[in-house]
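One file, data12.cif, carrying mmCIF, C-alpha atoms and all ligand atoms:
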```cif
data_structure
loop_
_atom_site.label_atom_id
_atom_site.label_comp_id
_atom_site.auth_asym_id
_atom_site.auth_seq_id
_atom_site.Cartn_x
_atom_site.Cartn_y
_atom_site.Cartn_z
CA MET G 1 -111.26 2.05 240.63
CA ILE G 2 -111.31 0.39 244.02
CA PRO G 3 -108.31 1.35 246.18
CA LEU G 4 -105.36 -0.95 245.78
CA GLU G 5 -105.30 -1.88 249.45
CA THR G 6 -108.87 -3.15 249.21
CA ILE G 7 -108.08 -5.18 246.14
CA LYS G 8 -105.08 -6.65 247.88
CA ALA G 9 -107.19 -7.66 250.87
CA GLN G 10 -109.87 -9.15 248.64
CA ILE G 11 -107.34 -11.19 246.73
CA GLU G 12 -105.69 -12.44 249.88
CA GLN G 13 -109.05 -13.58 251.13
CA ALA G 14 -109.98 -15.31 247.90
CA VAL G 15 -106.61 -16.89 247.16
CA PRO G 16 -105.17 -18.14 250.42
CA GLY G 17 -101.41 -17.99 250.62
CA ALA G 18 -101.01 -15.50 247.78
CA ARG G 19 -98.00 -13.25 248.14
CA ILE G 20 -98.93 -9.70 247.14
CA GLU G 21 -97.00 -6.53 247.60
CA ILE G 22 -97.98 -3.00 246.65
CA VAL G 23 -95.33 -1.28 244.57
CA ARG G 24 -95.74 2.44 244.98
CA ASN G 25 -95.11 4.91 242.23
CA ASP G 26 -94.34 8.33 243.63
CA SER G 27 -94.20 10.12 240.32
CA PRO G 28 -97.12 12.41 239.35
CA SER G 29 -98.83 9.58 237.49
CA ALA G 30 -99.17 7.73 240.82
CA GLN G 31 -99.88 4.44 239.14
CA HIS G 32 -99.29 2.03 241.95
CA SER G 33 -99.16 -1.63 241.15
CA LEU G 34 -99.42 -5.06 242.65
CA LEU G 35 -96.43 -7.35 242.69
CA LEU G 36 -97.64 -10.94 242.58
CA GLY G 37 -95.86 -14.00 243.81
CA ASN G 38 -95.30 -16.36 240.90
CA GLU G 39 -96.85 -19.48 242.49
CA HIS G 40 -100.30 -18.00 242.85
CA ALA G 41 -100.20 -15.49 240.00
CA LEU G 42 -102.48 -17.53 237.77
CA ALA G 43 -105.12 -17.93 240.49
CA VAL G 44 -104.91 -14.26 241.35
CA ALA G 45 -105.28 -13.28 237.71
CA LYS G 46 -108.29 -15.53 237.38
CA PHE G 47 -109.82 -13.91 240.44
CA THR G 48 -109.32 -10.37 239.13
CA ARG G 49 -110.98 -11.38 235.91
CA ASP G 50 -113.95 -13.20 237.42
CA ASP G 51 -114.68 -11.26 240.60
CA PRO G 52 -117.94 -9.32 240.10
CA HIS G 53 -116.47 -6.15 241.64
CA LEU G 54 -113.33 -6.21 239.52
CA ARG G 55 -114.23 -7.95 236.25
CA LEU G 56 -110.90 -7.02 234.69
CA ASP G 57 -111.71 -8.70 231.43
CA TYR G 58 -109.30 -6.83 229.19
CA CYS G 59 -105.51 -7.03 229.25
CA SER G 60 -104.59 -3.96 227.26
CA ASN G 61 -100.85 -4.18 227.54
CA ALA G 62 -98.16 -6.54 228.67
CA THR G 63 -94.56 -5.52 228.63
CA GLY G 64 -91.19 -6.40 230.09
CA ILE G 65 -88.58 -4.60 232.13
CA ASP G 66 -84.96 -5.52 232.60
CA TRP G 67 -83.41 -4.79 235.98
CA PRO G 68 -79.71 -5.53 235.75
CA ASP G 69 -77.49 -6.24 238.74
CA ALA G 70 -77.01 -3.01 240.61
CA VAL G 71 -75.61 -1.48 243.72
CA LEU G 72 -78.32 0.50 245.45
CA LYS G 73 -77.45 3.30 247.82
CA GLU G 74 -79.76 3.88 250.70
CA LYS G 75 -79.68 6.48 253.42
CA VAL G 76 -80.13 4.92 256.82
CA LYS G 77 -80.32 6.66 260.15
CA ILE G 78 -78.16 4.93 262.72
CA LYS G 79 -77.69 5.68 266.37
CA LYS G 80 -74.04 6.02 267.14
CA VAL G 81 -72.06 7.00 270.13
CA VAL G 82 -69.92 9.95 269.17
CA ASP G 83 -67.68 11.47 271.81
CA GLY G 84 -69.61 9.84 274.61
CA THR G 85 -73.04 11.13 273.55
CA GLU G 86 -75.53 9.17 271.52
CA LYS G 87 -76.38 10.84 268.22
CA GLU G 88 -78.37 10.01 265.15
CA VAL G 89 -76.12 9.86 262.14
CA GLU G 90 -77.14 9.42 258.53
CA GLU G 91 -75.14 6.84 256.72
CA ILE G 92 -75.20 5.63 253.17
CA VAL G 93 -75.49 1.89 253.01
CA GLU G 94 -74.71 0.09 249.81
CA LYS G 95 -76.83 -2.87 248.96
CA LYS G 96 -76.28 -5.28 246.15
CA ARG G 97 -79.36 -6.13 244.16
CA GLN G 98 -79.35 -9.17 241.98
CA GLY G 99 -80.78 -8.46 238.57
CA PHE G 100 -84.15 -9.81 237.49
CA LEU G 101 -86.68 -9.49 234.75
CA GLU G 102 -90.17 -8.23 235.22
CA ALA G 103 -93.42 -8.53 233.32
CA VAL G 104 -96.06 -5.83 233.71
CA TYR G 105 -99.71 -6.19 232.75
CA HIS G 106 -102.23 -3.37 232.47
CA LEU G 107 -105.75 -4.57 233.08
CA TYR G 108 -109.05 -2.85 232.41
CA SER G 109 -112.66 -3.79 232.71
CA MET G 110 -114.83 -3.32 229.66
CA GLU G 111 -117.90 -4.37 231.60
CA LEU G 112 -117.53 -2.08 234.61
CA LYS G 113 -115.56 0.56 232.71
CA HIS G 114 -112.75 0.92 235.18
CA GLY G 115 -109.03 0.39 235.33
CA PRO G 116 -106.19 0.15 235.03
CA LEU G 117 -105.01 -2.34 237.56
CA ILE G 118 -101.32 -2.91 237.06
CA ILE G 119 -99.82 -6.22 238.07
CA ARG G 120 -96.19 -7.24 238.00
CA MET G 121 -94.32 -10.49 238.26
CA ARG G 122 -90.60 -10.91 238.75
CA THR G 123 -88.24 -13.69 237.76
CA GLY G 124 -85.65 -15.11 240.11
CA ASN G 125 -82.73 -13.87 238.07
CA ARG G 126 -81.79 -12.94 234.52
CA THR G 127 -80.29 -16.23 233.45
CA ASP G 128 -81.48 -19.68 234.48
CA LYS G 129 -84.50 -18.70 236.56
CA ALA G 130 -86.12 -16.44 233.99
CA HIS G 131 -89.46 -18.21 234.22
CA LEU G 132 -92.89 -16.72 234.87
CA PRO G 133 -96.37 -18.22 234.66
CA SER G 134 -98.13 -17.27 231.46
CA LEU G 135 -101.34 -15.31 231.86
CA THR G 136 -102.51 -16.16 228.34
CA PRO G 137 -104.95 -18.78 229.71
CA ILE G 138 -106.72 -15.91 231.50
CA TRP G 139 -106.43 -13.17 228.91
CA ARG G 140 -106.11 -14.55 225.41
CA GLY G 141 -104.97 -11.12 224.22
CA ALA G 142 -101.71 -11.52 226.09
CA GLU G 143 -100.55 -14.26 223.75
CA PHE G 144 -98.61 -12.18 221.23
CA GLN G 145 -97.47 -9.73 223.86
CA GLU G 146 -95.95 -12.49 225.94
CA ARG G 147 -94.25 -13.80 222.83
CA GLU G 148 -92.85 -10.34 222.31
CA ILE G 149 -91.58 -10.18 225.89
CA TYR G 150 -89.98 -13.58 225.39
CA ASP G 151 -88.42 -12.39 222.16
CA LEU G 152 -87.02 -9.13 223.42
CA TYR G 153 -86.31 -9.84 227.10
CA GLY G 154 -85.98 -13.59 227.31
CA ILE G 155 -88.63 -14.29 229.93
CA ILE G 156 -89.93 -17.84 229.51
CA PHE G 157 -93.66 -18.03 230.12
CA ASP G 158 -94.63 -21.44 231.47
CA GLY G 159 -98.04 -22.49 230.28
CA HIS G 160 -97.94 -20.45 227.08
CA ALA G 161 -99.17 -22.63 224.24
CA ASP G 162 -97.01 -21.21 221.48
CA LEU G 163 -93.95 -19.51 222.88
CA ARG G 164 -91.84 -18.60 219.85
CA ARG G 165 -89.99 -15.49 218.83
CA ILE G 166 -92.31 -13.05 217.13
CA LEU G 167 -90.23 -10.12 215.84
CA MET G 168 -86.78 -11.61 215.44
CA TRP G 169 -86.12 -14.84 213.59
CA ASP G 170 -85.91 -18.29 215.16
CA GLY G 171 -82.28 -19.03 215.82
CA PHE G 172 -81.55 -15.49 216.93
CA GLN G 173 -79.63 -15.79 220.19
CA ASP G 174 -79.83 -12.39 221.87
CA TYR G 175 -82.52 -10.46 223.70
CA PRO G 176 -82.33 -6.99 222.19
CA MET G 177 -84.19 -5.04 224.87
CA ARG G 178 -81.94 -6.16 227.70
CA LYS G 179 -79.68 -3.45 228.99
CA ASP G 180 -76.53 -5.46 228.33
CA TYR G 181 -77.41 -6.29 224.73
CA VAL G 182 -74.52 -5.75 222.36
CA GLU G 183 -75.77 -4.81 218.93
CA PRO G 184 -74.01 -6.00 215.79
CA ASP G 185 -71.24 -3.72 214.64
CA ASP G 186 -72.44 -2.29 211.35
CA TYR G 187 -71.13 1.22 211.57
CA GLU G 188 -68.93 1.06 208.52
CA TYR G 189 -70.79 3.93 206.98
CA GLU G 190 -72.12 6.80 209.04
CA PRO G 191 -72.29 10.08 207.18
CA THR G 192 -72.84 12.35 210.17
CA PRO G 193 -71.99 10.52 213.39
CA HIS G 194 -72.41 12.26 216.71
CA ASP G 195 -72.53 11.40 220.42
CA GLU G 196 -72.95 7.68 221.02
CA VAL G 197 -72.92 6.89 217.35
CA LEU G 198 -69.65 8.75 216.95
CA GLU G 199 -68.15 6.58 219.67
CA LYS G 200 -69.39 3.47 217.96
CA THR G 201 -68.05 4.51 214.56
CA GLN G 202 -64.71 5.40 216.04
CA LYS G 203 -64.48 2.00 217.65
CA HIS G 204 -65.38 0.42 214.36
CA TYR G 205 -62.77 2.38 212.42
CA ALA G 206 -60.11 1.67 215.04
CA GLN G 207 -60.76 -2.03 214.59
CA GLU G 208 -60.73 -1.76 210.85
CA THR G 209 -57.39 0.01 210.69
CA LYS G 210 -55.93 -2.61 213.03
CA SER G 211 -57.00 -5.56 210.95
CA MET O 212 -78.19 6.83 159.70
CA ASP O 213 -77.78 10.40 158.63
CA GLU O 214 -79.91 12.78 160.75
CA GLY O 215 -80.83 14.99 157.79
CA LEU O 216 -82.02 12.08 155.69
CA ARG O 217 -83.93 10.81 158.64
CA SER O 218 -85.87 14.02 159.25
CA GLU O 219 -86.46 14.32 155.51
CA LEU O 220 -87.94 10.84 155.45
CA SER O 221 -90.11 11.51 158.48
CA LYS O 222 -91.55 14.55 156.71
CA GLN O 223 -92.58 12.20 153.96
CA GLY O 224 -94.29 9.92 156.46
CA ILE O 225 -91.56 7.33 156.58
CA PHE O 226 -90.44 6.49 160.06
CA THR O 227 -86.96 5.09 160.52
CA THR O 228 -85.35 3.83 163.68
CA THR O 229 -82.55 1.62 164.89
CA LEU O 230 -82.97 -1.66 166.63
CA GLU O 231 -81.36 -0.21 169.72
CA GLU O 232 -83.71 2.72 169.84
CA ILE O 233 -86.86 0.73 169.44
CA TYR O 234 -85.65 -1.90 171.86
CA ASN O 235 -84.92 0.69 174.53
CA TRP O 236 -88.12 2.54 173.75
CA GLY O 237 -90.08 -0.60 174.37
CA ARG O 238 -88.17 -1.44 177.52
CA LYS O 239 -88.51 1.94 179.11
CA ASN O 240 -92.18 2.45 178.42
CA SER O 241 -93.52 -0.71 179.95
CA VAL O 242 -91.73 -1.07 183.21
CA TRP O 243 -94.04 -3.12 185.37
CA PRO O 244 -93.32 -2.79 189.05
CA LEU O 245 -93.58 -5.61 191.52
CA GLN O 246 -96.53 -5.11 193.80
CA PHE O 247 -95.19 -5.03 197.31
CA GLY O 248 -94.56 -2.48 200.00
CA LEU O 249 -92.72 -2.68 203.28
CA ALA O 250 -93.74 0.31 205.38
CA CYS O 251 -95.08 3.86 205.28
CA CYS O 252 -93.32 4.68 201.99
CA ALA O 253 -95.54 2.12 200.30
CA ILE O 254 -98.55 4.34 200.99
CA GLU O 255 -96.87 7.08 199.02
CA MET O 256 -96.08 4.62 196.25
CA ILE O 257 -99.75 3.63 196.14
CA ALA O 258 -100.71 7.30 195.99
CA SER O 259 -98.45 7.78 192.96
CA THR O 260 -100.35 5.14 191.04
CA MET O 261 -103.74 6.67 191.63
CA ALA O 262 -105.54 9.32 189.63
CA ARG O 263 -103.87 12.42 191.01
CA TYR O 264 -100.28 11.45 190.25
CA ASP O 265 -101.03 8.75 187.73
CA LEU O 266 -97.91 6.69 187.27
CA ALA O 267 -99.71 5.10 184.32
CA ARG O 268 -98.53 7.99 182.16
CA PHE O 269 -95.09 6.37 182.25
CA GLY O 270 -96.21 2.91 181.35
CA ALA O 271 -95.97 1.58 184.88
CA GLU O 272 -99.56 1.26 185.93
CA ILE O 273 -99.56 -2.51 186.05
CA PHE O 274 -98.28 -3.65 189.41
CA ARG O 275 -97.66 -7.36 189.15
CA PRO O 276 -98.25 -9.52 192.19
CA SER O 277 -95.76 -12.09 190.91
CA PRO O 278 -92.03 -11.45 190.57
CA ARG O 279 -92.03 -13.55 187.39
CA GLN O 280 -93.98 -10.87 185.56
CA ALA O 281 -92.31 -7.79 187.01
CA ASP O 282 -89.47 -5.65 185.68
CA LEU O 283 -89.01 -3.20 188.48
CA MET O 284 -88.71 -3.63 192.20
CA ILE O 285 -89.65 -0.52 194.17
CA VAL O 286 -88.25 -1.13 197.63
CA ALA O 287 -90.71 1.12 199.39
CA GLY O 288 -90.11 1.17 203.10
CA THR O 289 -88.10 -0.17 205.98
CA VAL O 290 -86.24 -3.37 205.25
CA THR O 291 -85.95 -5.24 208.51
CA LYS O 292 -83.29 -7.87 208.83
CA LYS O 293 -85.99 -10.47 209.02
CA MET O 294 -87.43 -9.29 205.71
CA ALA O 295 -84.17 -8.72 203.84
CA PRO O 296 -83.68 -12.35 202.68
CA GLN O 297 -87.18 -12.36 201.25
CA VAL O 298 -86.56 -9.13 199.36
CA VAL O 299 -83.37 -10.54 197.85
CA ARG O 300 -85.17 -13.78 197.01
CA LEU O 301 -87.95 -11.89 195.23
CA TYR O 302 -85.36 -9.95 193.31
CA ASN O 303 -83.68 -13.19 192.26
CA GLN O 304 -87.00 -14.51 191.01
CA MET O 305 -87.57 -11.58 188.67
CA PRO O 306 -86.56 -12.17 185.07
CA GLU O 307 -84.06 -9.90 183.37
CA PRO O 308 -84.11 -7.07 182.46
CA LYS O 309 -84.86 -5.90 185.99
CA TYR O 310 -84.35 -2.68 187.84
CA VAL O 311 -84.50 -1.53 191.45
CA ILE O 312 -85.61 1.79 192.88
CA ALA O 313 -84.80 2.22 196.56
CA MET O 314 -87.48 4.55 197.80
CA GLY O 315 -87.12 6.54 201.00
CA ALA O 316 -84.58 7.02 203.73
CA CYS O 317 -85.16 3.54 205.13
CA ALA O 318 -84.56 1.64 201.93
CA ILE O 319 -81.43 3.58 201.06
CA SER O 320 -79.81 3.76 204.49
CA GLY O 321 -81.99 2.52 207.33
CA GLY O 322 -83.40 6.01 207.77
CA PRO O 323 -84.81 6.87 211.18
CA PHE O 324 -84.08 3.31 212.32
CA LYS O 325 -80.42 3.33 211.29
CA GLN O 326 -79.20 2.91 214.88
CA GLY O 327 -81.58 0.02 215.49
CA TYR O 328 -80.52 -3.58 215.79
CA ASN O 329 -83.13 -5.01 213.46
CA VAL O 330 -83.13 -2.75 210.41
CA LEU O 331 -80.99 -3.27 207.37
CA LYS O 332 -78.93 -0.18 206.68
CA GLY O 333 -79.78 0.04 203.00
CA ILE O 334 -81.01 -2.61 200.59
CA ASP O 335 -78.07 -1.80 198.32
CA ARG O 336 -75.98 -3.98 200.61
CA TYR O 337 -77.45 -7.04 198.90
CA ILE O 338 -78.83 -6.07 195.51
CA PRO O 339 -77.76 -3.50 192.93
CA VAL O 340 -79.94 -0.40 193.09
CA ASP O 341 -80.48 1.74 190.00
CA VAL O 342 -82.06 4.81 191.54
CA HIS O 343 -82.05 5.97 195.15
CA ILE O 344 -84.66 8.48 196.33
CA PRO O 345 -84.16 10.22 199.66
CA GLY O 346 -87.07 11.49 201.73
CA CYS O 347 -89.18 10.27 204.58
CA PRO O 348 -91.39 9.54 202.78
CA PRO O 349 -90.50 10.90 199.33
CA ARG O 350 -93.44 12.61 197.70
CA PRO O 351 -95.07 10.96 194.70
CA GLU O 352 -93.37 13.58 192.54
CA ALA O 353 -90.05 12.25 193.75
CA LEU O 354 -91.04 8.72 192.83
CA ILE O 355 -92.12 9.92 189.42
CA HIS O 356 -88.82 11.72 189.08
CA SER O 357 -86.95 8.56 189.93
CA PHE O 358 -89.03 6.77 187.35
CA MET O 359 -88.09 9.29 184.68
CA THR O 360 -84.47 9.01 185.74
CA LEU O 361 -84.67 5.27 185.31
CA GLN O 362 -86.27 5.66 181.89
CA LYS O 363 -83.55 8.03 180.85
CA ARG O 364 -80.91 5.59 181.93
CA ILE O 365 -82.56 2.76 180.05
CA ASP O 366 -82.76 4.95 176.98
CA GLU O 367 -79.07 5.77 177.12
CA GLN O 368 -77.92 2.16 177.37
CA ARG O 369 -76.09 0.67 174.41
CA LEU O 370 -76.96 -2.85 173.53
CA SER O 371 -73.38 -3.96 172.96
CA GLY O 372 -69.96 -3.21 174.30
CA ASN O 373 -69.09 -2.02 177.72
CA GLY O 374 -71.92 -0.85 179.91
CA ARG O 375 -74.50 -2.94 178.10
CA PRO O 376 -77.51 -4.08 180.11
CA ARG O 377 -76.87 -6.99 182.42
CA HIS O 378 -79.17 -9.35 180.60
CA LEU O 379 -77.15 -8.96 177.39
CA ASP O 380 -73.90 -9.70 179.17
CA PRO O 381 -73.52 -13.44 179.76
CA ASP O 382 -70.90 -12.85 182.45
CA ALA O 383 -73.00 -10.50 184.56
CA PRO O 384 -74.83 -12.11 187.45
CA SER O 385 -78.59 -11.95 187.55
CA GLU O 386 -79.02 -13.56 190.95
CA PHE O 387 -77.44 -12.51 194.17
CA PRO O 388 -76.74 -14.53 197.30
CA VAL O 389 -79.57 -14.54 199.80
CA PRO O 390 -78.35 -13.66 203.30
CA GLN O 391 -78.94 -16.23 206.02
CA PHE O 392 -80.34 -15.66 209.49
CA GLY O 393 -77.41 -15.81 211.86
CA GLU O 394 -77.23 -15.99 215.62
CA HIS O 395 -76.71 -12.26 216.06
CA ASP O 396 -77.10 -10.70 212.62
CA LEU O 397 -77.60 -11.55 208.99
CA GLU O 398 -74.80 -13.58 207.47
CA PRO O 399 -73.11 -12.15 205.53
CA THR O 400 -73.92 -8.61 206.64
CA LYS O 401 -73.29 -7.28 203.16
CA ASN O 402 -72.46 -8.43 199.67
CA LEU O 403 -69.15 -6.80 198.88
CA SER O 404 -69.54 -7.41 195.15
CA VAL O 405 -72.47 -4.99 195.00
CA TRP O 406 -71.76 -2.67 197.90
CA LYS O 407 -68.54 -1.22 199.14
CA PRO O 408 -68.59 0.92 202.25
CA PRO O 409 -67.60 4.41 201.21
CA THR O 410 -64.22 5.30 202.65
CA LEU O 411 -64.51 8.42 204.71
CA VAL O 412 -61.57 10.24 206.12
CA ARG O 413 -62.23 10.94 209.76
CA HIS O 414 -60.34 13.08 212.20
CA GLY O 415 -60.31 12.68 215.91
S1 LIG G 501 -88.39 6.47 204.88
FE1 LIG G 501 -89.83 7.31 206.37
S2 LIG G 501 -91.81 7.09 205.35
FE2 LIG G 501 -90.40 5.74 204.30
S3 LIG G 501 -90.60 3.75 205.28
FE3 LIG G 501 -88.95 4.83 206.30
S4 LIG G 501 -89.90 5.83 208.04
FE4 LIG G 501 -91.54 5.27 206.62
#
```
Would you kindly transcribe this structure into structure tokens?
Ligand code: SF4
Amino acid sequence: MIPLETIKAQIEQAVPGARIEIVRNDSPSAQHSLLLGNEHALAVAKFTRDDPHLRLDYCSNATGIDWPDAVLKEKVKIKKVVDGTEKEVEEIVEKKRQGFLEAVYHLYSMELKHGPLIIRMRTGNRTDKAHLPSLTPIWRGAEFQEREIYDLYGIIFDGHADLRRILMWDGFQDYPMRKDYVEPDDYEYEPTPHDEVLEKTQKHYAQETKS
Amino acid sequence: MDEGLRSELSKQGIFTTTLEEIYNWGRKNSVWPLQFGLACCAIEMIASTMARYDLARFGAEIFRPSPRQADLMIVAGTVTKKMAPQVVRLYNQMPEPKYVIAMGACAISGGPFKQGYNVLKGIDRYIPVDVHIPGCPPRPEALIHSFMTLQKRIDEQRLSGNGRPRHLDPDAPSEFPVPQFGEHDLEPTKNLSVWKPPTLVRHG
């Protein structure tokens, strides 16, 4: 596979104005990915599919990620004057991160036998700006997978021809794969509860004895 | 009828029976299952019907693709909440007398998916189950055993009085309410007239 930096440069040349950021993955798998800006994502996707050096004609997997609101702690080195002398001090800075939803696509090329190229897109937030451009027009195989992401995470794919729930029923209100999903309380019978389940059953029984 | 007289007659080549016996004999030896499967357990159910295990020996080789012609529903596999109303509806469409075998951990309790949000924690929450078989999946022998258990239970049923089969009791229901898709879960989540949560005493 061509290095990610090269791909990024190629895309930026082909799609003027495209916002692209490399998201590094420092784990042993070292699968770095490209974070695409939503406005140009469709054009970028089209380029990666049609460019003769990339020819990423196969979208093997599309999935979602939920990033809830969080407080991130970061170590920052700050120069401070302590007792008259300037010193470098490490300080922990807390940053608030607004939650968002993310869609991740794994792309391969059947023709050139390379891959994967991993691309990501992020929504503005988890509630009213949960929109992303659909990549189904580029890779037809993403159709059901985008429906699944919509079903389980609640990302709305603009430009998807048939965006309906696929696993849960129409009329279901929740998004079960979100971190803050509250599952229905049906713990009235648990023969051998333990750990989390034990907590859930106990809550259930406490409610039952109250009512 | 006197047992001695009866065996005496049978030695002479005269076969006597009671209406109840022959009725139950007929019922138990031609239990036609409904042809449907829900998950991996169904593969095991299919295996039981083939040559090696040969469910046909028990009069159940004919799997009917229509609920109107079936006597037995083998709930073989995971019942998701999306599927549960259809399973209940199929059960309602079967004519009496009808029986249910809940096959496998999923069908009897939700099994490996019990903590999941989308799996029904036992089909017995909506329809009356005659035989439960544990296992993930149960072996064909277990299915055959459940079959023989069912046959035994049919054989033991009296045709009148208390405990008579449901189809001979005009007051007994033969259809059960189909749960509706709700906003967060099935509504209702259980049918309390067929299933009562076991009361467990818990400490701590
Ligand atoms: S009980 Fe096990 S084998 Fe049977 S449907 Fe469930 S998971 Fe599959």
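Residues in contact with ligand LIG 501 (chain G) (atom pairs separated by at most 8 Å; only C-alpha atoms and all ligand atoms) are Leu249, Ala250, Cys251, Cys252, Ala253, Ala287, Gly288, Thr289, Met314, Gly315, Ala316, Cys317, Ala318, Gly321, Gly322, Pro323, Phe324, Pro345, Gly346, Cys347, Pro348 and Pro349 of chain O.
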- Message: For Glu102 in chain G, find every residue with an atom within 6 Å (counting all atoms listed in the file), except residues of its own chain fewer than 4 positions away, and show them as a PyMOL selection string.
- Response: chain G and resi 64-65+121-122
Written selection (C-alpha atoms) as a PDB file, keeping the file's coordinate frame:
```
ATOM      1  CA  GLY G  64     -91.190  -6.400 230.090  1.00  0.00           C
ATOM      2  CA  ILE G  65     -88.580  -4.600 232.130  1.00  0.00           C
ATOM      3  CA  MET G 121     -94.320 -10.490 238.260  1.00  0.00           C
ATOM      4  CA  ARG G 122     -90.600 -10.910 238.750  1.00  0.00           C
TER       5      ARG G 122
END
```
- Query: Neighbours of Thr400 in chain O within 10 Å (all atoms listed in the file; same-chain residues fewer than 3 positions away dropped), as a list in words?
  - Reply: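 These residues fall inside the cut-off: Pro184, Asp185 and Asp186 of chain G; Lys292, Leu331, Lys332, Arg336, Tyr337, Pro390, Gln391, Phe392, Gly393, Asp396, Leu397 and Leu403 of chain O.
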- Task: Identify the residues within 12 Å of coordinate (-99.4, -16.2, 230.6) (same frame as the file), considering only C-alpha atoms, and give the answer as a VMD selection string.
- Result: chain G and resid 38 41 to 43 45 to 46 59 62 to 63 103 to 105 121 131 to 147 149 to 150 155 to 163
- Task: Dump as an NGL selection string the residues of chain O that approach chain G to within 12 Å, counting all atoms listed in the file.
- Result: :O and (291-296 or 320-322 or 325-333 or 336 or 391-401 or 406-415)
Put those residues in a file: C-alpha atoms, as a PDB file, in the coordinates of the input.
```pdb
ATOM      1  CA  THR O 291     -85.950  -5.240 208.510  1.00  0.00           C
ATOM      2  CA  LYS O 292     -83.290  -7.870 208.830  1.00  0.00           C
ATOM      3  CA  LYS O 293     -85.990 -10.470 209.020  1.00  0.00           C
ATOM      4  CA  MET O 294     -87.430  -9.290 205.710  1.00  0.00           C
ATOM      5  CA  ALA O 295     -84.170  -8.720 203.840  1.00  0.00           C
ATOM      6  CA  PRO O 296     -83.680 -12.350 202.680  1.00  0.00           C
ATOM      7  CA  SER O 320     -79.810   3.760 204.490  1.00  0.00           C
ATOM      8  CA  GLY O 321     -81.990   2.520 207.330  1.00  0.00           C
ATOM      9  CA  GLY O 322     -83.400   6.010 207.770  1.00  0.00           C
ATOM     10  CA  LYS O 325     -80.420   3.330 211.290  1.00  0.00           C
ATOM     11  CA  GLN O 326     -79.200   2.910 214.880  1.00  0.00           C
ATOM     12  CA  GLY O 327     -81.580   0.020 215.490  1.00  0.00           C
ATOM     13  CA  TYR O 328     -80.520  -3.580 215.790  1.00  0.00           C
ATOM     14  CA  ASN O 329     -83.130  -5.010 213.460  1.00  0.00           C
ATOM     15  CA  VAL O 330     -83.130  -2.750 210.410  1.00  0.00           C
ATOM     16  CA  LEU O 331     -80.990  -3.270 207.370  1.00  0.00           C
ATOM     17  CA  LYS O 332     -78.930  -0.180 206.680  1.00  0.00           C
ATOM     18  CA  GLY O 333     -79.780   0.040 203.000  1.00  0.00           C
ATOM     19  CA  ARG O 336     -75.980  -3.980 200.610  1.00  0.00           C
ATOM     20  CA  GLN O 391     -78.940 -16.230 206.020  1.00  0.00           C
ATOM     21  CA  PHE O 392     -80.340 -15.660 209.490  1.00  0.00           C
ATOM     22  CA  GLY O 393     -77.410 -15.810 211.860  1.00  0.00           C
ATOM     23  CA  GLU O 394     -77.230 -15.990 215.620  1.00  0.00           C
ATOM     24  CA  HIS O 395     -76.710 -12.260 216.060  1.00  0.00           C
ATOM     25  CA  ASP O 396     -77.100 -10.700 212.620  1.00  0.00           C
ATOM     26  CA  LEU O 397     -77.600 -11.550 208.990  1.00  0.00           C
ATOM     27  CA  GLU O 398     -74.800 -13.580 207.470  1.00  0.00           C
ATOM     28  CA  PRO O 399     -73.110 -12.150 205.530  1.00  0.00           C
ATOM     29  CA  THR O 400     -73.920  -8.610 206.640  1.00  0.00           C
ATOM     30  CA  LYS O 401     -73.290  -7.280 203.160  1.00  0.00           C
ATOM     31  CA  TRP O 406     -71.760  -2.670 197.900  1.00  0.00           C
ATOM     32  CA  LYS O 407     -68.540  -1.220 199.140  1.00  0.00           C
ATOM     33  CA  PRO O 408     -68.590   0.920 202.250  1.00  0.00           C
ATOM     34  CA  PRO O 409     -67.600   4.410 201.210  1.00  0.00           C
ATOM     35  CA  THR O 410     -64.220   5.300 202.650  1.00  0.00           C
ATOM     36  CA  LEU O 411     -64.510   8.420 204.710  1.00  0.00           C
ATOM     37  CA  VAL O 412     -61.570  10.240 206.120  1.00  0.00           C
ATOM     38  CA  ARG O 413     -62.230  10.940 209.760  1.00  0.00           C
ATOM     39  CA  HIS O 414     -60.340  13.080 212.200  1.00  0.00           C
ATOM     40  CA  GLY O 415     -60.310  12.680 215.910  1.00  0.00           C
TER      41      GLY O 415
END
```
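Every protein, DNA or RNA residue with an atom at most 12 Å from Asn25 in chain G, where all atoms listed in the file count and chain neighbours fewer than 6 positions away do not, is listed here: Gln31, His32, Ser33, Leu34 and Ile118 of chain G.
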- Separation of CA of Ser27 in chain G from CA of Leu117 in chain G, in Å and rounded to one decimal: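 A separation of 16.7 Å between them.
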- What is the CA of Lys73 in chain G-CA of Arg24 in chain G distance in Å, reported with one decimal?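 Going from CA of Lys73 in chain G over to CA of Arg24 in chain G covers 18.5 Å.
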Would you pick out the contacts of Trp236 in chain O at 12 Å or less, using only C-alpha atoms, so that residues sharing its chain but fewer than 6 positions from it are not included, and give the list as an mmCIF file with C-alpha atoms, in the coordinates of the input?
```
data_model
loop_
_atom_site.group_PDB
_atom_site.id
_atom_site.type_symbol
_atom_site.label_atom_id
_atom_site.label_comp_id
_atom_site.auth_asym_id
_atom_site.auth_seq_id
_atom_site.Cartn_x
_atom_site.Cartn_y
_atom_site.Cartn_z
ATOM 1 C CA THR O 228 -85.350 3.830 163.680
ATOM 2 C CA THR O 229 -82.550 1.620 164.890
ATOM 3 C CA LEU O 230 -82.970 -1.660 166.630
ATOM 4 C CA VAL O 242 -91.730 -1.070 183.210
ATOM 5 C CA PHE O 269 -95.090 6.370 182.250
ATOM 6 C CA GLY O 270 -96.210 2.910 181.350
ATOM 7 C CA GLN O 362 -86.270 5.660 181.890
ATOM 8 C CA LYS O 363 -83.550 8.030 180.850
ATOM 9 C CA ARG O 364 -80.910 5.590 181.930
ATOM 10 C CA ILE O 365 -82.560 2.760 180.050
ATOM 11 C CA ASP O 366 -82.760 4.950 176.980
ATOM 12 C CA GLU O 367 -79.070 5.770 177.120
ATOM 13 C CA GLN O 368 -77.920 2.160 177.370
#
```
